[in-house]
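Contents: one structure, followed by commentary.
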Amino acid sequence: MAETDYSLTEIATGGVVLAAAVGFFLYASGPSGQNGAGSYDLMAHFRSAEGIGVGTEVRLGGVAIGTVTAMELNPDTFLAETTLSVSDTIVLPDDSAIAIASEGLLGGSFVEVIPGGSPFNLEEGGEFIDTQSSVSLITLLLRFFGGSGDS
């Protein structure tokens with residue numbers, strides 16, 4: 001049987017690779033997003049939630065303040081019931097609006113919060129009353145090029 005000699009460099013390189021793999025695993029399995037301690041849930045009902053899903057960012061003034069944590073269709077109202085987890089450092093007036101926005105023509109979608117001016121705030125489990133659904137680019141183009149016959 002042949003005896004194998006490992007150099008100190010090979011052993012050190014293997015140790016660094018192993019440490020990096022363990023570190024990545026711990027990072028990936030840890031808590032992610034805003035859904036955890038330090039956040040509270042809010043509800044919104046959209047006619048169309050096209051373009052967003054669980055994990056979509058919730059932004060205020062272009063800054064991420066939370067994520068979409070759950071979505072389901074209400075079989076009675078046919079609205080997309082959306083649960084949002086927002087950082088508890090952000091206090092939103094109860095007349096705030098919420099909209100599904102796009103980053104650009106080819107960009108992804110996100111949920112935008114437009115703060116209101118009420119002296120009262122949304123509490124845990126509160127609901128946005130003023131919601132704006134996503135706008136389909138195809139529908140807009142069909143309306144623009146199809147015309148309505150009114151000239």
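Just so we're on the same page: first chain in the structure tokens is A, next is B, and so on; residues restart at 1 for each chain, and ligands are numbered from 1 in the order they show up.
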- Item | Test item: residues at most 7 Å from range 44-57 of chain A, only C-alpha atoms, excluding those fewer than 4 positions along its chain, as a list in words | Ala64, Gly66, Thr67, Val68, Thr69, Ala70, Met71, Leu79, Ala80, Glu81, Thr82, Thr83, Ser109, Phe110, Val111, Glu127, Phe128, Thr131, Gln132, Ser133 and Ser134 of chain A
Can you write just those residues out, N, CA, C and O atoms, as a short mmCIF file (atom, residue, chain, number, x, y, z; two decimals), in the first residue's frame?
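out-v3.cif, written as the output of this step:
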```cif
data_model
loop_
_atom_site.label_atom_id
_atom_site.label_comp_id
_atom_site.auth_asym_id
_atom_site.auth_seq_id
_atom_site.Cartn_x
_atom_site.Cartn_y
_atom_site.Cartn_z
N ALA A 64 -36.91 49.19 1.24
CA ALA A 64 -37.60 47.97 1.67
C ALA A 64 -37.91 48.05 3.16
O ALA A 64 -37.04 48.31 3.98
N GLY A 66 -40.39 45.62 4.38
CA GLY A 66 -41.02 44.34 4.71
C GLY A 66 -41.13 43.45 3.50
O GLY A 66 -40.54 43.72 2.45
N THR A 67 -41.90 42.37 3.66
CA THR A 67 -42.11 41.41 2.58
C THR A 67 -43.55 40.89 2.59
O THR A 67 -44.25 40.98 3.61
N VAL A 68 -43.94 40.35 1.46
CA VAL A 68 -45.22 39.64 1.37
C VAL A 68 -45.00 38.26 1.96
O VAL A 68 -44.08 37.55 1.56
N THR A 69 -45.81 37.88 2.94
CA THR A 69 -45.60 36.60 3.62
C THR A 69 -46.65 35.55 3.27
O THR A 69 -46.42 34.36 3.49
N ALA A 70 -47.80 35.96 2.75
CA ALA A 70 -48.84 34.98 2.39
C ALA A 70 -49.79 35.60 1.38
O ALA A 70 -50.03 36.81 1.39
N MET A 71 -50.31 34.74 0.50
CA MET A 71 -51.32 35.17 -0.49
C MET A 71 -52.29 34.03 -0.70
O MET A 71 -51.88 32.88 -0.81
N LEU A 79 -61.10 38.17 -4.35
CA LEU A 79 -59.98 39.09 -4.18
C LEU A 79 -58.76 38.34 -3.67
O LEU A 79 -58.89 37.34 -2.94
N ALA A 80 -57.59 38.81 -4.03
CA ALA A 80 -56.34 38.22 -3.55
C ALA A 80 -56.05 38.79 -2.16
O ALA A 80 -55.73 39.97 -2.03
N GLU A 81 -56.19 37.96 -1.13
CA GLU A 81 -55.91 38.39 0.24
C GLU A 81 -54.41 38.24 0.47
O GLU A 81 -53.86 37.14 0.37
N THR A 82 -53.77 39.34 0.78
CA THR A 82 -52.32 39.39 0.90
C THR A 82 -51.93 39.78 2.32
O THR A 82 -52.46 40.74 2.86
N THR A 83 -51.00 39.03 2.90
CA THR A 83 -50.47 39.35 4.23
C THR A 83 -49.06 39.90 4.05
O THR A 83 -48.24 39.32 3.34
N SER A 109 -41.92 43.44 -10.03
CA SER A 109 -42.94 44.17 -9.30
C SER A 109 -42.62 44.18 -7.81
O SER A 109 -41.89 43.32 -7.32
N PHE A 110 -43.18 45.15 -7.10
CA PHE A 110 -43.05 45.24 -5.66
C PHE A 110 -44.31 45.88 -5.12
O PHE A 110 -45.15 46.38 -5.88
N VAL A 111 -44.47 45.84 -3.81
CA VAL A 111 -45.63 46.45 -3.16
C VAL A 111 -45.18 47.78 -2.58
O VAL A 111 -44.21 47.84 -1.83
N GLU A 127 -55.72 46.46 8.30
CA GLU A 127 -55.97 46.27 6.88
C GLU A 127 -55.89 47.59 6.13
O GLU A 127 -56.41 48.61 6.57
N PHE A 128 -55.22 47.56 4.98
CA PHE A 128 -55.20 48.71 4.08
C PHE A 128 -56.54 48.77 3.38
O PHE A 128 -56.99 47.79 2.79
N THR A 131 -56.44 50.21 -1.89
CA THR A 131 -55.48 49.34 -2.58
C THR A 131 -55.58 49.58 -4.08
O THR A 131 -56.66 49.85 -4.60
N GLN A 132 -54.44 49.49 -4.76
CA GLN A 132 -54.40 49.60 -6.21
C GLN A 132 -53.75 48.34 -6.76
O GLN A 132 -52.62 48.02 -6.39
N SER A 133 -54.49 47.65 -7.61
CA SER A 133 -53.99 46.39 -8.17
C SER A 133 -52.96 46.64 -9.25
O SER A 133 -52.77 47.77 -9.70
N SER A 134 -52.32 45.57 -9.67
CA SER A 134 -51.34 45.68 -10.74
C SER A 134 -52.03 46.00 -12.05
O SER A 134 -53.19 45.66 -12.27
#
```
- May I ask for the distance between CA of Ile138 in chain A and CA of Ile100 in chain A, given in Å to one decimal place?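 If I compute the distance from CA of Ile138 in chain A to CA of Ile100 in chain A, I get 16.1 Å.
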Closest contacts (range 48-138 of chain A/range 37-43 of chain A, max 6 Å, only C-alpha atoms) as a Markdown table:
```
| residue | atom | partner | partner_atom | distance |
| --- | --- | --- | --- | --- |
| A:Thr82 | CA | A:Met43 | CA | 5.7 |
| A:Thr83 | CA | A:Met43 | CA | 4.7 |
| A:Leu84 | CA | A:Leu42 | CA | 5.2 |
| A:Ser85 | CA | A:Asp41 | CA | 4.5 |
| A:Val86 | CA | A:Ser39 | CA | 5.2 |
| A:Ser87 | CA | A:Ser39 | CA | 4.2 |
| A:Asp88 | CA | A:Ser39 | CA | 4.5 |
| A:Glu124 | CA | A:Tyr40 | CA | 5.5 |
| A:Gly125 | CA | A:Leu42 | CA | 4.8 |
| A:Gly126 | CA | A:Leu42 | CA | 5.1 |
| A:Glu127 | CA | A:Met43 | CA | 4.5 |
```
- Sel. of strand (DSSP E or B) residues, chain A, as a PyMOL selection string: chain A and resi 39-46+57-60+63-73+80-87+93+97-102+109-114+121+127+130-132
- Message: List the spatial neighbours of Val113 in chain A as a ChimeraX atom specification - criterion: any atom at most 10 Å away, only C-alpha atoms, same-chain residues fewer than 4 positions off excluded.
- Response: /A:58-62,65,92,96-101,128,131
I need the residues from that last selection saved to file as a tab-separated table (two decimals), in the first residue's frame (with N, CA, C and O atoms), if you can.
```tsv
chain	number	residue	atom	x	y	z
A	58	VAL	N	-41.85	44.85	0.19
A	58	VAL	CA	-42.76	45.95	0.47
A	58	VAL	C	-41.87	47.17	0.68
A	58	VAL	O	-40.94	47.13	1.49
A	59	ARG	N	-42.14	48.25	-0.06
A	59	ARG	CA	-41.29	49.43	-0.01
A	59	ARG	C	-42.07	50.68	0.37
A	59	ARG	O	-43.25	50.80	0.05
A	60	LEU	N	-41.37	51.58	1.02
A	60	LEU	CA	-41.90	52.90	1.36
A	60	LEU	C	-40.82	53.90	0.98
A	60	LEU	O	-39.70	53.81	1.49
A	61	GLY	N	-41.12	54.80	0.06
A	61	GLY	CA	-40.12	55.75	-0.39
A	61	GLY	C	-38.94	55.10	-1.07
A	61	GLY	O	-37.84	55.62	-1.04
A	62	GLY	N	-39.15	53.94	-1.68
A	62	GLY	CA	-38.08	53.23	-2.37
A	62	GLY	C	-37.22	52.36	-1.47
A	62	GLY	O	-36.29	51.71	-1.94
A	65	ILE	N	-39.20	47.85	3.50
A	65	ILE	CA	-39.62	47.87	4.90
A	65	ILE	C	-40.28	46.56	5.32
A	65	ILE	O	-40.68	46.40	6.46
A	92	LEU	N	-47.24	53.11	10.39
A	92	LEU	CA	-47.99	53.60	9.24
A	92	LEU	C	-49.34	54.16	9.67
A	92	LEU	O	-50.06	53.52	10.44
A	96	SER	N	-53.21	54.98	5.12
A	96	SER	CA	-52.18	54.75	4.10
A	96	SER	C	-52.76	53.91	2.97
A	96	SER	O	-53.64	53.09	3.17
A	97	ALA	N	-52.23	54.13	1.77
A	97	ALA	CA	-52.65	53.36	0.60
A	97	ALA	C	-51.55	52.37	0.25
A	97	ALA	O	-50.39	52.52	0.68
A	98	ILE	N	-51.89	51.37	-0.53
A	98	ILE	CA	-50.92	50.36	-0.96
A	98	ILE	C	-51.19	50.03	-2.42
A	98	ILE	O	-52.34	49.97	-2.85
A	99	ALA	N	-50.11	49.86	-3.18
A	99	ALA	CA	-50.24	49.61	-4.62
A	99	ALA	C	-49.20	48.60	-5.07
A	99	ALA	O	-48.13	48.50	-4.47
A	100	ILE	N	-49.53	47.88	-6.12
A	100	ILE	CA	-48.56	47.00	-6.75
A	100	ILE	C	-47.91	47.81	-7.85
A	100	ILE	O	-48.58	48.30	-8.76
A	101	ALA	N	-46.61	48.01	-7.74
A	101	ALA	CA	-45.86	48.85	-8.67
A	101	ALA	C	-44.82	48.03	-9.40
A	101	ALA	O	-44.47	46.93	-8.99
A	128	PHE	N	-55.22	47.56	4.98
A	128	PHE	CA	-55.20	48.71	4.08
A	128	PHE	C	-56.54	48.77	3.38
A	128	PHE	O	-56.99	47.79	2.79
A	131	THR	N	-56.44	50.21	-1.89
A	131	THR	CA	-55.48	49.34	-2.58
A	131	THR	C	-55.58	49.58	-4.08
A	131	THR	O	-56.66	49.85	-4.60
```
- So which bits of chain A end up helix (DSSP H, G or I) when you DSSP the backbone, as a count of residues only? 32
